[in-house]
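K.L.:
Supplied structure: input_19.txt, compact mmCIF, C-alpha atoms.
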# COMPACT_ATOMS: atom_id res chain seq x y z
CA MET A 790 -9.62 32.40 71.44
CA LYS A 791 -12.57 32.29 69.02
CA GLN A 792 -10.32 33.62 66.28
CA ASN A 793 -7.82 30.83 66.91
CA LYS A 794 -10.61 28.26 66.64
CA PHE A 795 -11.70 29.70 63.31
CA VAL A 796 -8.12 29.65 62.04
CA LEU A 797 -7.67 26.02 63.17
CA ALA A 798 -10.95 24.99 61.55
CA GLY A 799 -9.92 26.68 58.32
CA LEU A 800 -6.55 24.92 58.32
CA MET A 801 -8.22 21.56 58.92
CA ALA A 802 -10.62 22.16 56.02
CA ILE A 803 -7.73 23.07 53.70
CA ILE A 804 -5.78 19.95 54.73
CA SER A 805 -8.85 17.75 54.16
CA VAL A 806 -9.49 19.18 50.69
CA SER A 807 -5.80 18.83 49.79
CA PHE A 808 -5.81 15.20 50.89
CA ILE A 809 -8.93 14.39 48.85
CA LEU A 810 -7.49 16.09 45.76
CA SER A 811 -4.18 14.23 46.17
CA ILE A 812 -5.98 10.88 46.26
CA HIS A 813 -8.10 11.88 43.25
CA PHE A 814 -5.14 12.83 41.10
CA PHE A 815 -3.15 9.78 42.20
CA LEU A 816 -5.95 7.51 41.01
CA LYS A 817 -6.17 9.50 37.77
CA THR A 818 -2.51 8.74 37.05
CA LEU A 819 -3.28 5.03 37.16
CA ASP A 820 -5.74 5.51 34.30
CA LEU A 821 -7.98 2.78 35.74
CA SER A 822 -11.65 2.31 35.08
CA ILE A 823 -14.70 2.75 37.24
CA PRO A 824 -16.22 -0.72 37.78
CA ILE A 825 -19.31 -1.72 35.84
CA VAL A 826 -21.43 -4.20 37.78
CA ALA A 827 -23.92 -6.70 36.36
CA GLY A 828 -27.16 -5.98 38.19
CA GLU A 829 -28.64 -2.98 39.98
CA SER A 830 -26.13 -2.95 42.82
CA GLU A 831 -23.26 -5.01 44.12
CA ASN A 832 -24.48 -7.70 46.51
CA HIS A 833 -21.69 -9.38 48.47
CA SER A 834 -24.06 -12.10 49.68
CA LYS A 835 -23.74 -13.47 46.14
CA PRO A 836 -20.53 -14.80 44.57
CA HIS A 837 -18.60 -11.80 43.27
CA PHE A 838 -16.51 -12.11 40.06
CA VAL A 839 -14.47 -9.58 38.11
CA LEU A 840 -13.51 -9.38 34.41
CA ILE A 841 -10.33 -7.34 33.82
CA VAL A 842 -9.56 -6.33 30.23
CA GLN A 843 -6.83 -4.45 28.39
CA GLU A 844 -9.02 -1.93 26.52
CA LEU A 845 -12.14 -0.92 28.44
CA GLU A 846 -13.93 0.65 25.45
CA ASN A 847 -12.95 -2.00 22.88
CA PRO A 848 -16.21 -3.29 21.26
CA TYR A 849 -14.86 -6.84 21.06
CA LEU A 850 -14.11 -6.90 24.79
CA LEU A 851 -17.45 -5.28 25.60
CA GLU A 852 -19.12 -8.15 23.75
CA LEU A 853 -17.06 -10.55 25.86
CA PHE A 854 -18.41 -8.82 28.99
CA GLU A 855 -21.98 -9.13 27.70
CA GLY A 856 -21.55 -12.89 27.57
CA ALA A 857 -20.06 -12.94 31.06
CA LYS A 858 -22.84 -10.71 32.39
CA ASN A 859 -25.52 -12.94 30.86
CA ALA A 860 -24.07 -16.04 32.54
CA ALA A 861 -23.71 -14.14 35.83
CA GLU A 862 -27.35 -13.08 35.84
CA LEU A 863 -28.54 -16.60 34.99
CA ASN A 864 -26.49 -18.04 37.86
CA ASP A 865 -27.34 -15.30 40.39
CA VAL A 866 -23.79 -13.97 40.76
CA THR A 867 -22.39 -10.48 40.28
CA ILE A 868 -19.59 -9.55 37.89
CA GLU A 869 -17.67 -6.30 37.47
CA LEU A 870 -15.89 -5.06 34.37
CA LYS A 871 -12.59 -3.30 34.98
CA GLY A 872 -9.82 -2.24 32.64
CA THR A 873 -7.47 0.45 31.42
CA LYS A 874 -8.19 2.92 28.62
CA GLN A 875 -5.20 1.63 26.64
CA THR A 876 -3.09 -1.49 27.02
CA ASN A 877 -0.83 -1.01 30.04
CA LEU A 878 0.64 -4.11 31.64
CA ASP A 879 1.54 -2.45 34.95
CA ASP A 880 -1.92 -0.97 35.47
CA HIS A 881 -3.54 -4.23 34.37
CA MET A 882 -1.58 -6.09 37.04
CA LYS A 883 -2.55 -3.46 39.63
CA LEU A 884 -6.20 -4.15 38.87
CA ILE A 885 -5.64 -7.87 39.42
CA GLU A 886 -3.84 -7.10 42.70
CA MET A 887 -6.80 -4.95 43.76
CA ALA A 888 -9.22 -7.76 42.92
CA ILE A 889 -7.16 -10.20 45.01
CA ALA A 890 -7.02 -7.74 47.91
CA SER A 891 -10.80 -7.30 47.81
CA LYS A 892 -11.20 -11.09 48.04
CA VAL A 893 -13.36 -11.58 44.97
CA ASP A 894 -14.68 -15.08 44.35
CA GLY A 895 -13.25 -15.41 40.85
CA ILE A 896 -11.24 -13.53 38.21
CA LEU A 897 -11.50 -13.56 34.42
CA THR A 898 -8.71 -11.75 32.60
CA GLN A 899 -6.42 -11.85 29.58
CA GLY A 900 -2.99 -13.48 29.48
CA LEU A 901 -1.34 -10.53 27.77
CA SER A 902 2.21 -11.37 28.82
CA ASN A 903 4.11 -13.95 30.84
CA GLU A 904 4.98 -11.08 33.17
CA PHE A 905 1.52 -11.74 34.63
CA GLU A 906 2.47 -15.20 35.95
CA PRO A 907 3.42 -14.09 39.52
CA VAL A 908 0.19 -12.17 40.08
CA PHE A 909 -1.85 -15.05 38.59
CA GLN A 910 -0.08 -17.44 40.96
CA LYS A 911 -0.82 -15.09 43.85
CA ALA A 912 -4.55 -15.31 43.13
CA ILE A 913 -4.38 -19.10 42.97
CA ASP A 914 -2.39 -19.26 46.22
CA LYS A 915 -5.10 -17.15 47.87
CA GLY A 916 -7.70 -19.68 46.73
CA ILE A 917 -9.25 -17.38 44.11
CA PRO A 918 -10.11 -19.16 40.85
CA LEU A 919 -8.57 -17.37 37.86
CA ILE A 920 -9.34 -18.13 34.21
CA LEU A 921 -7.87 -16.54 31.10
CA VAL A 922 -10.13 -15.45 28.25
CA ASP A 923 -9.23 -14.31 24.71
CA SER A 924 -5.45 -14.25 25.24
CA ASN A 925 -3.33 -17.07 26.65
CA LEU A 926 0.10 -17.08 28.25
CA GLU A 927 2.98 -18.51 26.25
CA ASN A 928 3.62 -22.13 27.27
CA ASN A 929 0.85 -21.90 29.85
CA ASP A 930 0.47 -25.05 31.94
CA PHE A 931 -1.04 -23.81 35.21
CA VAL A 932 -4.17 -21.76 34.50
CA THR A 933 -7.22 -22.46 32.30
CA TYR A 934 -7.62 -20.63 28.98
CA ILE A 935 -10.86 -20.05 27.05
CA GLY A 936 -10.82 -18.67 23.53
CA THR A 937 -9.49 -18.94 20.03
CA ASP A 938 -6.41 -21.01 19.29
CA ASN A 939 -4.71 -17.87 18.05
CA TYR A 940 -1.66 -19.51 16.49
CA GLU A 941 -3.91 -21.89 14.57
CA ALA A 942 -6.16 -18.98 13.48
CA GLY A 943 -3.17 -17.08 12.09
CA TYR A 944 -1.89 -20.23 10.42
CA ARG A 945 -5.28 -20.78 8.83
CA MET A 946 -5.26 -17.23 7.46
CA GLY A 947 -1.84 -17.81 5.94
CA LEU A 948 -3.00 -20.99 4.22
CA MET A 949 -6.06 -19.17 2.84
CA ILE A 950 -3.90 -16.46 1.29
CA SER A 951 -1.48 -19.02 -0.10
CA SER A 952 -4.32 -20.94 -1.73
CA GLU A 953 -5.87 -17.85 -3.33
CA ILE A 954 -2.95 -16.00 -4.90
CA GLN A 955 -1.92 -16.59 -8.50
CA GLU A 956 1.49 -14.87 -8.63
CA GLU A 957 4.25 -13.33 -6.54
CA THR A 958 2.61 -11.28 -3.81
CA LYS A 959 3.77 -8.68 -1.32
CA VAL A 960 1.98 -8.61 2.04
CA GLY A 961 1.78 -5.97 4.77
CA VAL A 962 0.81 -6.98 8.33
CA LEU A 963 -0.93 -4.68 10.81
CA THR A 964 -1.20 -5.97 14.36
CA GLY A 965 -3.04 -4.26 17.19
CA SER A 966 -0.07 -4.44 19.55
CA LEU A 967 3.30 -6.12 19.85
CA ILE A 968 2.56 -6.90 23.52
CA PRO A 969 -0.40 -9.34 23.84
CA ASN A 970 0.37 -13.02 23.25
CA ASN A 971 -2.85 -13.58 21.30
CA LEU A 972 -1.94 -11.06 18.58
CA ASN A 973 1.67 -12.20 18.43
CA GLU A 974 0.43 -15.77 17.97
CA ARG A 975 -1.77 -14.68 15.05
CA VAL A 976 1.23 -13.05 13.41
CA GLN A 977 3.56 -16.00 14.05
CA GLY A 978 1.02 -18.58 12.87
CA PHE A 979 0.52 -16.56 9.68
CA LEU A 980 4.27 -16.28 9.05
CA ASP A 981 4.81 -20.01 9.62
CA ALA A 982 1.99 -20.92 7.22
CA ILE A 983 3.36 -18.86 4.32
CA GLU A 984 7.02 -19.63 4.96
CA VAL A 985 7.11 -22.46 2.40
CA ASP A 986 5.33 -20.42 -0.29
CA LYS A 987 8.14 -18.55 -2.03
CA ARG A 988 5.61 -16.43 -3.94
CA ILE A 989 4.69 -14.55 -0.76
CA LYS A 990 6.91 -11.87 0.73
CA VAL A 991 6.00 -10.00 3.93
CA VAL A 992 7.47 -6.53 3.45
CA ALA A 993 6.22 -4.82 6.63
CA ILE A 994 4.85 -5.64 10.08
CA GLU A 995 3.46 -2.60 11.92
CA SER A 996 1.54 -1.99 15.16
CA SER A 997 -1.63 0.11 15.31
CA ASN A 998 -1.50 0.33 19.13
CA LEU A 999 -5.13 -0.82 18.97
CA SER A 1000 -6.10 2.50 17.43
CA LYS A 1001 -8.12 2.89 14.25
CA ILE A 1002 -6.44 6.25 13.57
CA GLN A 1003 -2.92 4.91 14.04
CA GLY A 1004 -3.84 1.82 12.04
CA ALA A 1005 -4.95 3.99 9.12
CA GLU A 1006 -1.72 6.01 9.27
CA LYS A 1007 0.49 2.90 9.46
CA THR A 1008 -1.40 1.37 6.53
CA TYR A 1009 -0.99 4.54 4.47
CA GLN A 1010 2.74 4.62 5.21
CA MET A 1011 3.16 0.95 4.29
CA LEU A 1012 1.49 1.56 0.94
CA ARG A 1013 3.57 4.67 0.29
CA ASN A 1014 6.79 2.84 1.16
CA ASP A 1015 5.94 -0.14 -1.04
CA PRO A 1016 3.22 0.50 -3.67
CA ASP A 1017 3.44 -3.14 -4.78
CA ILE A 1018 1.72 -4.45 -1.65
CA SER A 1019 -1.39 -6.29 -2.82
CA ILE A 1020 -2.54 -7.97 0.42
CA LEU A 1021 -2.96 -6.56 3.93
CA TYR A 1022 -3.47 -8.80 6.95
CA GLY A 1023 -4.90 -7.33 10.20
CA THR A 1024 -4.99 -9.18 13.51
CA SER A 1025 -7.79 -7.29 15.32
CA ALA A 1026 -11.07 -5.49 14.63
CA LEU A 1027 -9.53 -2.03 14.94
CA ASP A 1028 -6.75 -3.09 12.56
CA SER A 1029 -9.40 -4.06 10.03
CA GLN A 1030 -10.99 -0.62 10.24
CA GLY A 1031 -7.64 1.15 10.15
CA ILE A 1032 -6.56 -0.80 7.08
CA ALA A 1033 -9.75 0.10 5.19
CA GLU A 1034 -9.31 3.79 6.06
CA GLY A 1035 -5.62 3.74 5.10
CA ILE A 1036 -6.43 2.20 1.72
CA ARG A 1037 -9.01 4.91 1.07
CA LYS A 1038 -6.50 7.58 2.06
CA ALA A 1039 -4.01 6.11 -0.42
CA ASN A 1040 -6.76 6.06 -3.08
CA LEU A 1041 -6.25 2.34 -3.70
CA GLU A 1042 -9.75 0.98 -3.02
CA GLY A 1043 -10.43 -2.24 -4.88
CA GLU A 1044 -6.76 -2.84 -5.62
CA ILE A 1045 -5.76 -4.50 -2.35
CA SER A 1046 -7.16 -7.63 -0.72
CA VAL A 1047 -7.77 -7.44 3.03
CA TYR A 1048 -7.77 -10.42 5.39
CA ALA A 1049 -8.78 -9.51 8.93
CA PHE A 1050 -10.24 -10.50 12.31
CA ASP A 1051 -13.46 -9.99 14.26
CA ALA A 1052 -17.04 -9.72 13.00
CA LEU A 1053 -18.22 -6.59 14.79
CA GLU A 1054 -20.78 -4.16 13.39
CA ASP A 1055 -18.19 -1.93 11.71
CA THR A 1056 -16.12 -4.76 10.24
CA ILE A 1057 -19.23 -6.55 8.96
CA GLU A 1058 -20.21 -3.34 7.17
CA LEU A 1059 -16.75 -3.18 5.59
CA LEU A 1060 -17.11 -6.81 4.49
CA LYS A 1061 -20.49 -6.08 2.90
CA LYS A 1062 -19.03 -3.10 1.02
CA GLY A 1063 -16.12 -5.16 -0.28
CA ASP A 1064 -13.47 -3.25 1.71
CA ILE A 1065 -12.59 -6.50 3.50
CA ASP A 1066 -12.31 -9.76 1.57
CA LEU A 1067 -12.21 -12.28 4.43
CA LEU A 1068 -13.02 -12.04 8.15
CA MET A 1069 -12.07 -14.47 10.88
CA LYS A 1070 -15.10 -14.37 13.20
CA GLN A 1071 -14.30 -15.09 16.84
CA GLU A 1072 -16.86 -15.71 19.60
CA PRO A 1073 -16.16 -13.25 22.45
CA TYR A 1074 -19.72 -13.51 23.83
CA LEU A 1075 -19.34 -17.27 24.20
CA MET A 1076 -15.88 -16.82 25.77
CA GLY A 1077 -17.29 -14.60 28.50
CA GLN A 1078 -20.29 -16.84 29.08
CA THR A 1079 -18.12 -19.95 29.32
CA GLY A 1080 -15.68 -18.19 31.64
CA VAL A 1081 -18.32 -17.39 34.25
CA ASN A 1082 -19.81 -20.88 34.04
CA LEU A 1083 -16.38 -22.44 34.61
CA LEU A 1084 -15.63 -20.14 37.56
CA ILE A 1085 -18.85 -21.42 39.14
CA ASP A 1086 -17.80 -25.01 38.43
CA VAL A 1087 -14.46 -24.42 40.19
CA MET A 1088 -16.22 -22.81 43.18
CA ASN A 1089 -18.39 -25.94 43.40
CA GLY A 1090 -15.31 -28.17 43.53
CA GLN A 1091 -15.47 -29.46 39.97
CA LYS A 1092 -12.32 -30.05 37.94
CA ILE A 1093 -12.00 -28.19 34.64
CA LYS A 1094 -9.69 -28.63 31.66
CA LYS A 1095 -6.67 -26.44 30.96
CA GLU A 1096 -7.90 -25.29 27.53
CA TYR A 1097 -11.29 -24.65 25.96
CA HIS A 1098 -10.80 -23.63 22.34
CA ILE A 1099 -13.77 -21.91 20.73
CA PRO A 1100 -13.35 -22.30 16.96
CA PRO A 1101 -13.66 -19.16 14.81
CA THR A 1102 -15.40 -19.16 11.43
CA LEU A 1103 -14.42 -17.56 8.13
CA LEU A 1104 -16.83 -15.04 6.62
CA ARG A 1105 -16.99 -13.60 3.13
CA LYS A 1106 -19.34 -11.00 1.68
CA VAL A 1107 -21.83 -13.63 0.53
CA ASP A 1108 -22.09 -14.97 4.09
CA VAL A 1109 -23.27 -11.68 5.58
CA GLU A 1110 -25.38 -10.04 2.87
CA ASP A 1111 -28.61 -11.62 4.11
CA GLU A 1112 -27.85 -12.18 7.79
CA PHE A 1113 -26.78 -8.60 8.55
CA LYS A 1114 -29.23 -6.62 6.37
Let's see the structure in the file written out as structure tokens.
P.N.:
Amino acid sequence: MKQNKFVLAGLMAIISVSFILSIHFFLKTLDLSIPIVAGESENHSKPHFVLIVQELENPYLLELFEGAKNAAELNDVTIELKGTKQTNLDDHMKLIEMAIASKVDGILTQGLSNEFEPVFQKAIDKGIPLILVDSNLENNDFVTYIGTDNYEAGYRMGLMISSEIQEETKVGVLTGSLIPNNLNERVQGFLDAIEVDKRIKVVAIESSNLSKIQGAEKTYQMLRNDPDISILYGTSALDSQGIAEGIRKANLEGEISVYAFDALEDTIELLKKGDIDLLMKQEPYLMGQTGVNLLIDVMNGQKIKKEYHIPPTLLRKVDVEDEFK
């Protein structure tokens, strides 16, 4: 009898361990993040918000979270940061579903694709305020957006290039991803701006998959395929870095002008060195800060607008030599 009890106990232990391991590896397949909470510990007596982003380790999005965290601390609310390691629409939507199921008090996230509309509507139907930051839905008319007018930013870049060239010019475009609306808008705005300038020809549009390494390789291949490219346009911070590395790999430093986005530490350094000619500086910190403040306004019954555009600024080497020493 004792032996049977030992056997049964052993079987139960094995089953328990197997179950725990199964759950562990299932969660691993989702490639989802461990939450980061503003404050020492999560306190559900306070309003509880969540920021869900497409690239958890992206410096630009981490700066956005810093702004959100600052506003949360000032207003005595908690906020979590969640995201996937790489852009994955399905896993991103699962994170939003999880936030809805846990009955958070507000959600900040990116409008990466119009495929997100049903899950956004689900949050709204459940009475959970949801605001988009950084990336807006196409033809969005039902949820508030905070961030750059990305089409206008791309258009402005196109006009800058058109005003600065002196002859026929070939351009290569490197975009972080072909999925998010914000990056597609920067490409489309750029293309529309240069369409009337017959001196400009876009010979390649490539995706870096938001990877500096892939961006460098795609840049190198563009330059090998068409050595006459004299301008490269990048739509994100990692594209900027990938372009600079690809140009070095092709041994063409100083021969190609680079127009790019996002004034982070690495891109500012490239601007100071002359590897980037013009940077479009966005304000992710302010986006996150504004997002939390507006979620609080909605919780307090205040009406908010559908769009809050935060204008970017253009930076050249002369603009950063003193400020970033």
K.L.:
Do you have, as JSON lines, the list of residues of stretch 898-921 of chain A lying at most 8 Å from stretch 887-893 of chain A, each with its nearest atom pair and that distance in Å to one decimal, counting all atoms listed in the file and ordered by chain then number?
P.N.:
{"residue": "A:Ala912", "atom": "CA", "partner": "A:Ile889", "partner_atom": "CA", "distance": 6.0}
{"residue": "A:Lys915", "atom": "CA", "partner": "A:Ile889", "partner_atom": "CA", "distance": 7.8}
{"residue": "A:Ile917", "atom": "CA", "partner": "A:Val893", "partner_atom": "CA", "distance": 7.2}
K.L.:
Please measure the separation of atom CA of A:Val839 and atom CA of A:Asp914, giving the value in Å to one decimal.
P.N.:
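Going from atom CA of A:Val839 over to atom CA of A:Asp914 covers 17.5 Å.
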K.L.:
In Å to one decimal, how far is atom CA of A:Glu941 from atom CA of A:Ile1099?
P.N.:
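A separation of 11.6 Å between them.
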K.L.:
So that I can check the surroundings of A:Val932, please list as a list in words every protein, DNA and RNA residue that reaches within 8 Å of it, counting only C-alpha atoms and ignoring chain neighbours fewer than 4 positions away.
P.N.:
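Contacts, in chain order: Leu919, Ile920, Leu921 and Lys1095 of chain A.
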K.L.:
Need the shell around stretch 1051-1068 of chain A: protein/DNA/RNA residues with any atom at most 6 Å away, counting all atoms listed in the file. Skip same-chain ones fewer than 6 positions apart. Format as a list of chain:residue names?
P.N.:
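Surrounding residues, per the criterion: A:Ala1026, A:Leu1103, A:Leu1104, A:Arg1105, A:Lys1106.
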K.L.:
Can you measure atom CA of A:Gly1023 to atom CA of A:Thr898 for me? One decimal in Å is fine.
P.N.:
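Straight-line distance from atom CA of A:Gly1023 to atom CA of A:Thr898 works out to 23.1 Å.
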K.L.:
Using all atoms listed in the file for the distances, tell me which of A:Pro1073, A:Pro848, A:Gly1090, A:Gly1035 is nearest to A:Val1047.
P.N.:
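Among the listed residues, A:Gly1035 lies closest to A:Val1047.
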K.L.:
Have a look at A:Thr937, A:Ser1000, A:Ser924, A:Ser834 and name the one nearest to A:Lys874; count only C-alpha atoms.
P.N.:
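With only C-alpha atoms as the atom set, the closest residue is A:Ser1000.
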K.L.:
Near A:Val1081, within 7 Å and counting only C-alpha atoms, which residues show up once chain neighbours fewer than 5 positions away are dropped, as number ranges by chain?
P.N.:
A: 857, 860-861
K.L.:
Please provide as a PyMOL selection string all residues within 12 Å of A:Phe854, with the sequence filter that same-chain residues fewer than 2 positions apart are discarded (counting all atoms listed in the file).
P.N.:
chain A and resi 825-827+838-842+844-852+856-861+868-872+897-898+922-923+1072-1081
